[in-house]
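Undergrad: Structure: model03.cif, mmCIF, N, CA and C atoms and all ligand atoms.
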data_data
#
loop_
_atom_site.label_atom_id
_atom_site.label_comp_id
_atom_site.auth_asym_id
_atom_site.auth_seq_id
_atom_site.Cartn_x
_atom_site.Cartn_y
_atom_site.Cartn_z
N ALA A 1 0.84 -1.21 0.00
CA ALA A 1 0.00 0.00 0.00
C ALA A 1 0.87 1.25 0.00
N ALA A 2 1.97 1.22 0.77
CA ALA A 2 2.84 2.40 0.86
C ALA A 2 3.46 2.72 -0.50
N THR A 3 3.84 1.68 -1.25
CA THR A 3 4.44 1.90 -2.57
C THR A 3 3.43 2.51 -3.53
N VAL A 4 2.23 1.93 -3.55
CA VAL A 4 1.17 2.45 -4.42
C VAL A 4 0.84 3.89 -4.08
N ALA A 5 0.71 4.16 -2.79
CA ALA A 5 0.38 5.51 -2.34
C ALA A 5 1.50 6.48 -2.69
N GLY A 6 2.73 6.02 -2.57
CA GLY A 6 3.87 6.87 -2.92
C GLY A 6 3.85 7.23 -4.39
N LEU A 7 3.58 6.24 -5.24
CA LEU A 7 3.50 6.48 -6.68
C LEU A 7 2.34 7.42 -6.99
N ALA A 8 1.19 7.17 -6.34
CA ALA A 8 0.02 8.03 -6.56
C ALA A 8 0.30 9.45 -6.10
N GLY A 9 1.04 9.58 -5.02
CA GLY A 9 1.40 10.91 -4.52
C GLY A 9 2.28 11.64 -5.50
N ALA A 10 3.25 10.95 -6.08
CA ALA A 10 4.13 11.55 -7.08
C ALA A 10 3.33 11.93 -8.32
N PHE A 11 2.37 11.07 -8.68
CA PHE A 11 1.51 11.34 -9.83
C PHE A 11 0.64 12.56 -9.57
N ALA A 12 0.03 12.61 -8.38
CA ALA A 12 -0.81 13.76 -8.00
C ALA A 12 0.01 15.04 -8.01
N ASP A 13 1.25 14.94 -7.54
CA ASP A 13 2.14 16.09 -7.50
C ASP A 13 2.40 16.63 -8.90
N SER A 14 2.64 15.72 -9.86
CA SER A 14 2.93 16.18 -11.22
C SER A 14 1.68 16.70 -11.91
N VAL A 15 0.52 16.05 -11.65
CA VAL A 15 -0.73 16.51 -12.26
C VAL A 15 -1.11 17.90 -11.73
N LEU A 16 -1.05 18.05 -10.40
CA LEU A 16 -1.36 19.35 -9.80
C LEU A 16 -0.37 20.40 -10.26
N GLY A 17 0.89 20.01 -10.34
CA GLY A 17 1.92 20.93 -10.78
C GLY A 17 1.68 21.43 -12.19
N ALA A 18 1.11 20.53 -13.04
CA ALA A 18 0.89 20.88 -14.44
C ALA A 18 -0.44 21.61 -14.66
N THR A 19 -1.32 21.62 -13.64
CA THR A 19 -2.65 22.20 -13.83
C THR A 19 -2.89 23.44 -12.96
N VAL A 20 -2.97 23.24 -11.64
CA VAL A 20 -3.38 24.35 -10.77
C VAL A 20 -2.22 25.14 -10.18
N GLN A 21 -1.01 24.56 -10.21
CA GLN A 21 0.11 25.28 -9.59
C GLN A 21 0.42 26.57 -10.34
N ALA A 22 0.64 27.62 -9.56
CA ALA A 22 0.93 28.92 -10.15
C ALA A 22 2.26 28.88 -10.91
N MET A 23 2.23 29.35 -12.15
CA MET A 23 3.45 29.48 -12.94
C MET A 23 3.56 30.92 -13.41
N TYR A 24 4.72 31.46 -13.27
CA TYR A 24 4.94 32.86 -13.60
C TYR A 24 5.97 32.99 -14.72
N ARG A 25 5.87 34.11 -15.44
CA ARG A 25 6.90 34.41 -16.41
C ARG A 25 7.59 35.71 -15.97
N CYS A 26 8.89 35.63 -15.91
CA CYS A 26 9.66 36.78 -15.47
C CYS A 26 9.58 37.90 -16.52
N ARG A 27 9.29 39.11 -16.04
CA ARG A 27 9.19 40.25 -16.96
C ARG A 27 10.58 40.73 -17.40
N VAL A 28 11.59 40.30 -16.67
CA VAL A 28 12.95 40.78 -16.97
C VAL A 28 13.67 39.84 -17.94
N CYS A 29 13.78 38.55 -17.55
CA CYS A 29 14.56 37.61 -18.36
C CYS A 29 13.67 36.70 -19.21
N GLY A 30 12.34 36.71 -18.98
CA GLY A 30 11.41 35.96 -19.83
C GLY A 30 11.29 34.48 -19.51
N SER A 31 11.97 33.99 -18.48
CA SER A 31 11.90 32.57 -18.17
C SER A 31 10.68 32.26 -17.30
N GLU A 32 10.17 31.01 -17.40
CA GLU A 32 9.06 30.57 -16.56
C GLU A 32 9.60 30.16 -15.21
N THR A 33 8.86 30.50 -14.16
CA THR A 33 9.29 30.18 -12.81
C THR A 33 8.10 29.87 -11.93
N GLU A 34 8.35 29.10 -10.84
CA GLU A 34 7.30 28.82 -9.86
C GLU A 34 7.20 29.95 -8.85
N ARG A 35 8.17 30.83 -8.86
CA ARG A 35 8.20 31.90 -7.87
C ARG A 35 7.45 33.14 -8.38
N ALA A 36 6.86 33.87 -7.42
CA ALA A 36 6.06 35.05 -7.77
C ALA A 36 6.93 36.24 -8.15
N ALA A 37 8.21 36.14 -7.84
CA ALA A 37 9.14 37.20 -8.21
C ALA A 37 10.43 36.59 -8.73
N HIS A 38 11.03 37.21 -9.71
CA HIS A 38 12.23 36.68 -10.37
C HIS A 38 13.04 37.88 -10.85
N CYS A 39 14.31 37.83 -10.71
CA CYS A 39 15.17 38.93 -11.13
C CYS A 39 14.75 40.26 -10.45
N GLY A 40 14.14 40.19 -9.29
CA GLY A 40 13.77 41.39 -8.56
C GLY A 40 12.29 41.70 -8.60
N PRO A 41 11.75 42.22 -9.72
CA PRO A 41 10.35 42.63 -9.75
C PRO A 41 9.38 41.44 -9.80
N PRO A 42 8.11 41.63 -9.41
CA PRO A 42 7.11 40.56 -9.47
C PRO A 42 6.96 40.01 -10.89
N ALA A 43 6.82 38.67 -10.99
CA ALA A 43 6.66 38.05 -12.30
C ALA A 43 5.18 38.00 -12.67
N GLU A 44 4.90 37.79 -13.95
CA GLU A 44 3.54 37.77 -14.47
C GLU A 44 2.97 36.35 -14.38
N LEU A 45 1.73 36.21 -13.82
CA LEU A 45 1.10 34.89 -13.70
C LEU A 45 0.65 34.43 -15.08
N VAL A 46 1.14 33.26 -15.54
CA VAL A 46 0.78 32.78 -16.87
C VAL A 46 -0.24 31.64 -16.82
N ARG A 47 -0.24 30.85 -15.74
CA ARG A 47 -1.29 29.84 -15.57
C ARG A 47 -1.34 29.39 -14.13
N GLY A 48 -2.42 28.65 -13.81
CA GLY A 48 -2.57 28.15 -12.46
C GLY A 48 -3.24 29.16 -11.54
N LEU A 49 -3.28 28.79 -10.26
CA LEU A 49 -3.89 29.64 -9.25
C LEU A 49 -2.79 30.28 -8.42
N ARG A 50 -2.93 31.58 -8.19
CA ARG A 50 -1.91 32.33 -7.48
C ARG A 50 -1.63 31.74 -6.10
N MET A 51 -2.68 31.19 -5.46
CA MET A 51 -2.53 30.63 -4.12
C MET A 51 -1.83 29.26 -4.12
N MET A 52 -1.84 28.58 -5.29
CA MET A 52 -1.26 27.24 -5.35
C MET A 52 0.25 27.31 -5.59
N THR A 53 0.97 27.47 -4.50
CA THR A 53 2.42 27.48 -4.59
C THR A 53 2.93 26.05 -4.69
N ASN A 54 4.19 25.91 -5.01
CA ASN A 54 4.81 24.58 -5.10
C ASN A 54 4.70 23.84 -3.76
N ASP A 55 4.86 24.58 -2.65
CA ASP A 55 4.75 23.98 -1.33
C ASP A 55 3.35 23.41 -1.08
N LEU A 56 2.34 24.18 -1.50
CA LEU A 56 0.96 23.76 -1.29
C LEU A 56 0.63 22.53 -2.15
N VAL A 57 1.15 22.51 -3.38
CA VAL A 57 0.98 21.36 -4.25
C VAL A 57 1.61 20.12 -3.62
N ASN A 58 2.83 20.27 -3.09
CA ASN A 58 3.51 19.16 -2.42
C ASN A 58 2.70 18.67 -1.22
N LEU A 59 2.15 19.64 -0.46
CA LEU A 59 1.36 19.30 0.72
C LEU A 59 0.12 18.51 0.32
N CYS A 60 -0.59 18.99 -0.71
CA CYS A 60 -1.80 18.31 -1.19
C CYS A 60 -1.48 16.88 -1.64
N ALA A 61 -0.37 16.73 -2.36
CA ALA A 61 0.03 15.41 -2.85
C ALA A 61 0.36 14.48 -1.68
N SER A 62 1.01 15.04 -0.64
CA SER A 62 1.36 14.24 0.54
C SER A 62 0.12 13.79 1.29
N VAL A 63 -0.83 14.72 1.45
CA VAL A 63 -2.09 14.41 2.14
C VAL A 63 -2.85 13.34 1.35
N PHE A 64 -2.89 13.52 0.03
CA PHE A 64 -3.56 12.56 -0.85
C PHE A 64 -2.92 11.18 -0.70
N ALA A 65 -1.59 11.11 -0.73
CA ALA A 65 -0.88 9.85 -0.59
C ALA A 65 -1.14 9.22 0.77
N GLY A 66 -1.16 10.07 1.81
CA GLY A 66 -1.41 9.58 3.16
C GLY A 66 -2.80 8.97 3.30
N LEU A 67 -3.79 9.69 2.75
CA LEU A 67 -5.17 9.20 2.79
C LEU A 67 -5.30 7.90 2.01
N LEU A 68 -4.62 7.85 0.85
CA LEU A 68 -4.68 6.66 0.00
C LEU A 68 -4.05 5.47 0.73
N ALA A 69 -2.90 5.71 1.36
CA ALA A 69 -2.22 4.65 2.10
C ALA A 69 -3.11 4.12 3.22
N THR A 70 -3.77 5.05 3.93
CA THR A 70 -4.67 4.66 5.01
C THR A 70 -5.84 3.84 4.46
N GLY A 71 -6.41 4.35 3.35
CA GLY A 71 -7.54 3.67 2.74
C GLY A 71 -7.17 2.27 2.25
N LEU A 72 -6.03 2.18 1.58
CA LEU A 72 -5.57 0.89 1.07
C LEU A 72 -5.27 -0.07 2.22
N GLY A 73 -4.69 0.48 3.28
CA GLY A 73 -4.37 -0.33 4.45
C GLY A 73 -5.63 -0.91 5.08
N LEU A 74 -6.66 -0.09 5.17
CA LEU A 74 -7.94 -0.55 5.73
C LEU A 74 -8.59 -1.57 4.81
N TRP A 75 -8.48 -1.29 3.49
CA TRP A 75 -9.15 -2.15 2.50
C TRP A 75 -8.53 -3.54 2.46
N PHE A 76 -7.17 -3.55 2.39
CA PHE A 76 -6.49 -4.85 2.25
C PHE A 76 -6.09 -5.46 3.59
N GLY A 77 -5.87 -4.59 4.59
CA GLY A 77 -5.40 -5.09 5.87
C GLY A 77 -6.54 -5.57 6.76
N GLY A 78 -7.75 -5.20 6.39
CA GLY A 78 -8.91 -5.64 7.15
C GLY A 78 -9.00 -4.86 8.44
ZN ZN A 101 14.14 36.50 -14.41
#
Would you mind writing the structure in this file as structure tokens?
Ligand SMILES: [Zn+2]

TA:
Amino acid sequence: AATVAGLAGAFADSVLGATVQAMYRCRVCGSETERAAHCGPPAELVRGLRMMTNDLVNLCASVFAGLLATGLGLWFGG
């Protein structure tokens, strides 16, 4: 169960990262970044939700994996 949950957590992390996680484009150097500021000034939000930082995405994925591990443990462990 722990292995499956770990894989699911990594999967959730990448899916959330590709969908709701805030991604910014630096107004100075033009590169995409997860940070709200780059090269000094605030970067421009290009996709995702401003509140969904990389830390929050990681947290959600961890909680999801934890719940899944618990659920699988109850399901298979009786
Ligand atoms: Zn920059």

Undergrad: Residues of chain A classed as helix (DSSP H, G or I) by DSSP on the backbone are to be reported as a ChimeraX atom specification.

TA: /A:2-19,54-77

Undergrad: Using all atoms listed in the file, determine which residues fall within 6 Å of ligand ZN 101 (chain A), then list them as an MDAnalysis selection string.

TA: chainID A and resid 26:31 38:39

Undergrad: May I ask for the distance between atom N of A:Met23 and atom C of A:Ala61, given in Å to one decimal place?

TA: 18.3 Å

Undergrad: Between atom N of A:Thr19 and atom C of A:Asn54, what is the distance, to one decimal in Å?

TA: 11.8 Å

Undergrad: Once you count all atoms listed in the file, which residues end up no further than 6.5 Å from (-4.4, 7.8, -2.7) in the file's frame, shown as a VMD selection string?

TA: chain A and resid 5 8 to 9 64 to 69

Undergrad: I'd like the interatomic distance between atom C of A:Leu7 and atom N of A:Thr70, to a tenth of an Å.

TA: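 Going from atom C of A:Leu7 over to atom N of A:Thr70 covers 12.7 Å.
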
Undergrad: Which residues in chain A does DSSP call strand (DSSP E or B)? List them as a PyMOL selection string.

TA: chain A and resi 21+23-25+32-33+37+42+44-47+49

Undergrad: How would the residues just picked look written out with N, CA and C atoms as a short mmCIF file (atom, residue, chain, number, x, y, z; two decimals), keeping the file's coordinate frame?

TA:
data_model
loop_
_atom_site.label_atom_id
_atom_site.label_comp_id
_atom_site.auth_asym_id
_atom_site.auth_seq_id
_atom_site.Cartn_x
_atom_site.Cartn_y
_atom_site.Cartn_z
N GLN A 21 -1.01 24.56 -10.21
CA GLN A 21 0.11 25.28 -9.59
C GLN A 21 0.42 26.57 -10.34
N MET A 23 2.23 29.35 -12.15
CA MET A 23 3.45 29.48 -12.94
C MET A 23 3.56 30.92 -13.41
N TYR A 24 4.72 31.46 -13.27
CA TYR A 24 4.94 32.86 -13.60
C TYR A 24 5.97 32.99 -14.72
N ARG A 25 5.87 34.11 -15.44
CA ARG A 25 6.90 34.41 -16.41
C ARG A 25 7.59 35.71 -15.97
N GLU A 32 10.17 31.01 -17.40
CA GLU A 32 9.06 30.57 -16.56
C GLU A 32 9.60 30.16 -15.21
N THR A 33 8.86 30.50 -14.16
CA THR A 33 9.29 30.18 -12.81
C THR A 33 8.10 29.87 -11.93
N ALA A 37 8.21 36.14 -7.84
CA ALA A 37 9.14 37.20 -8.21
C ALA A 37 10.43 36.59 -8.73
N PRO A 42 8.11 41.63 -9.41
CA PRO A 42 7.11 40.56 -9.47
C PRO A 42 6.96 40.01 -10.89
N GLU A 44 4.90 37.79 -13.95
CA GLU A 44 3.54 37.77 -14.47
C GLU A 44 2.97 36.35 -14.38
N LEU A 45 1.73 36.21 -13.82
CA LEU A 45 1.10 34.89 -13.70
C LEU A 45 0.65 34.43 -15.08
N VAL A 46 1.14 33.26 -15.54
CA VAL A 46 0.78 32.78 -16.87
C VAL A 46 -0.24 31.64 -16.82
N ARG A 47 -0.24 30.85 -15.74
CA ARG A 47 -1.29 29.84 -15.57
C ARG A 47 -1.34 29.39 -14.13
N LEU A 49 -3.28 28.79 -10.26
CA LEU A 49 -3.89 29.64 -9.25
C LEU A 49 -2.79 30.28 -8.42
#

Undergrad: Determine the nearest neighbour of A:Ser62 from the options A:Ala22, A:Ala1, A:Ala10, A:Leu49, counting all atoms listed in the file.

TA: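 Using all atoms listed in the file, A:Ser62 sits closest to A:Ala10.
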
Undergrad: Once 6 Å is added on each side, what are the centre and the three edge lengths, in Å to one decimal, of the axis-aligned box enclosing the listed atoms of stretch 11-19 of chain A? Present them as lines of an AutoDock Vina configuration file.

TA:
center_x = 0.0
center_y = 17.3
center_z = -11.1
size_x = 17.8
size_y = 24.4
size_z = 19.2

Undergrad: Between A:Phe11, A:Gly6, A:Gln21, A:Leu16, which residue has the minimum interatomic distance to A:Arg47, considering all atoms listed in the file?

TA: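 Counting all atoms listed in the file, the residue closest to A:Arg47 is A:Gln21.
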
Undergrad: Quick one: of A:Leu72, A:Val57, A:Ala12, A:Leu45, who's nearest to A:Arg25, counting all atoms listed in the file?

TA: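 Residue with the minimum atom-to-atom distance to A:Arg25: A:Leu45.
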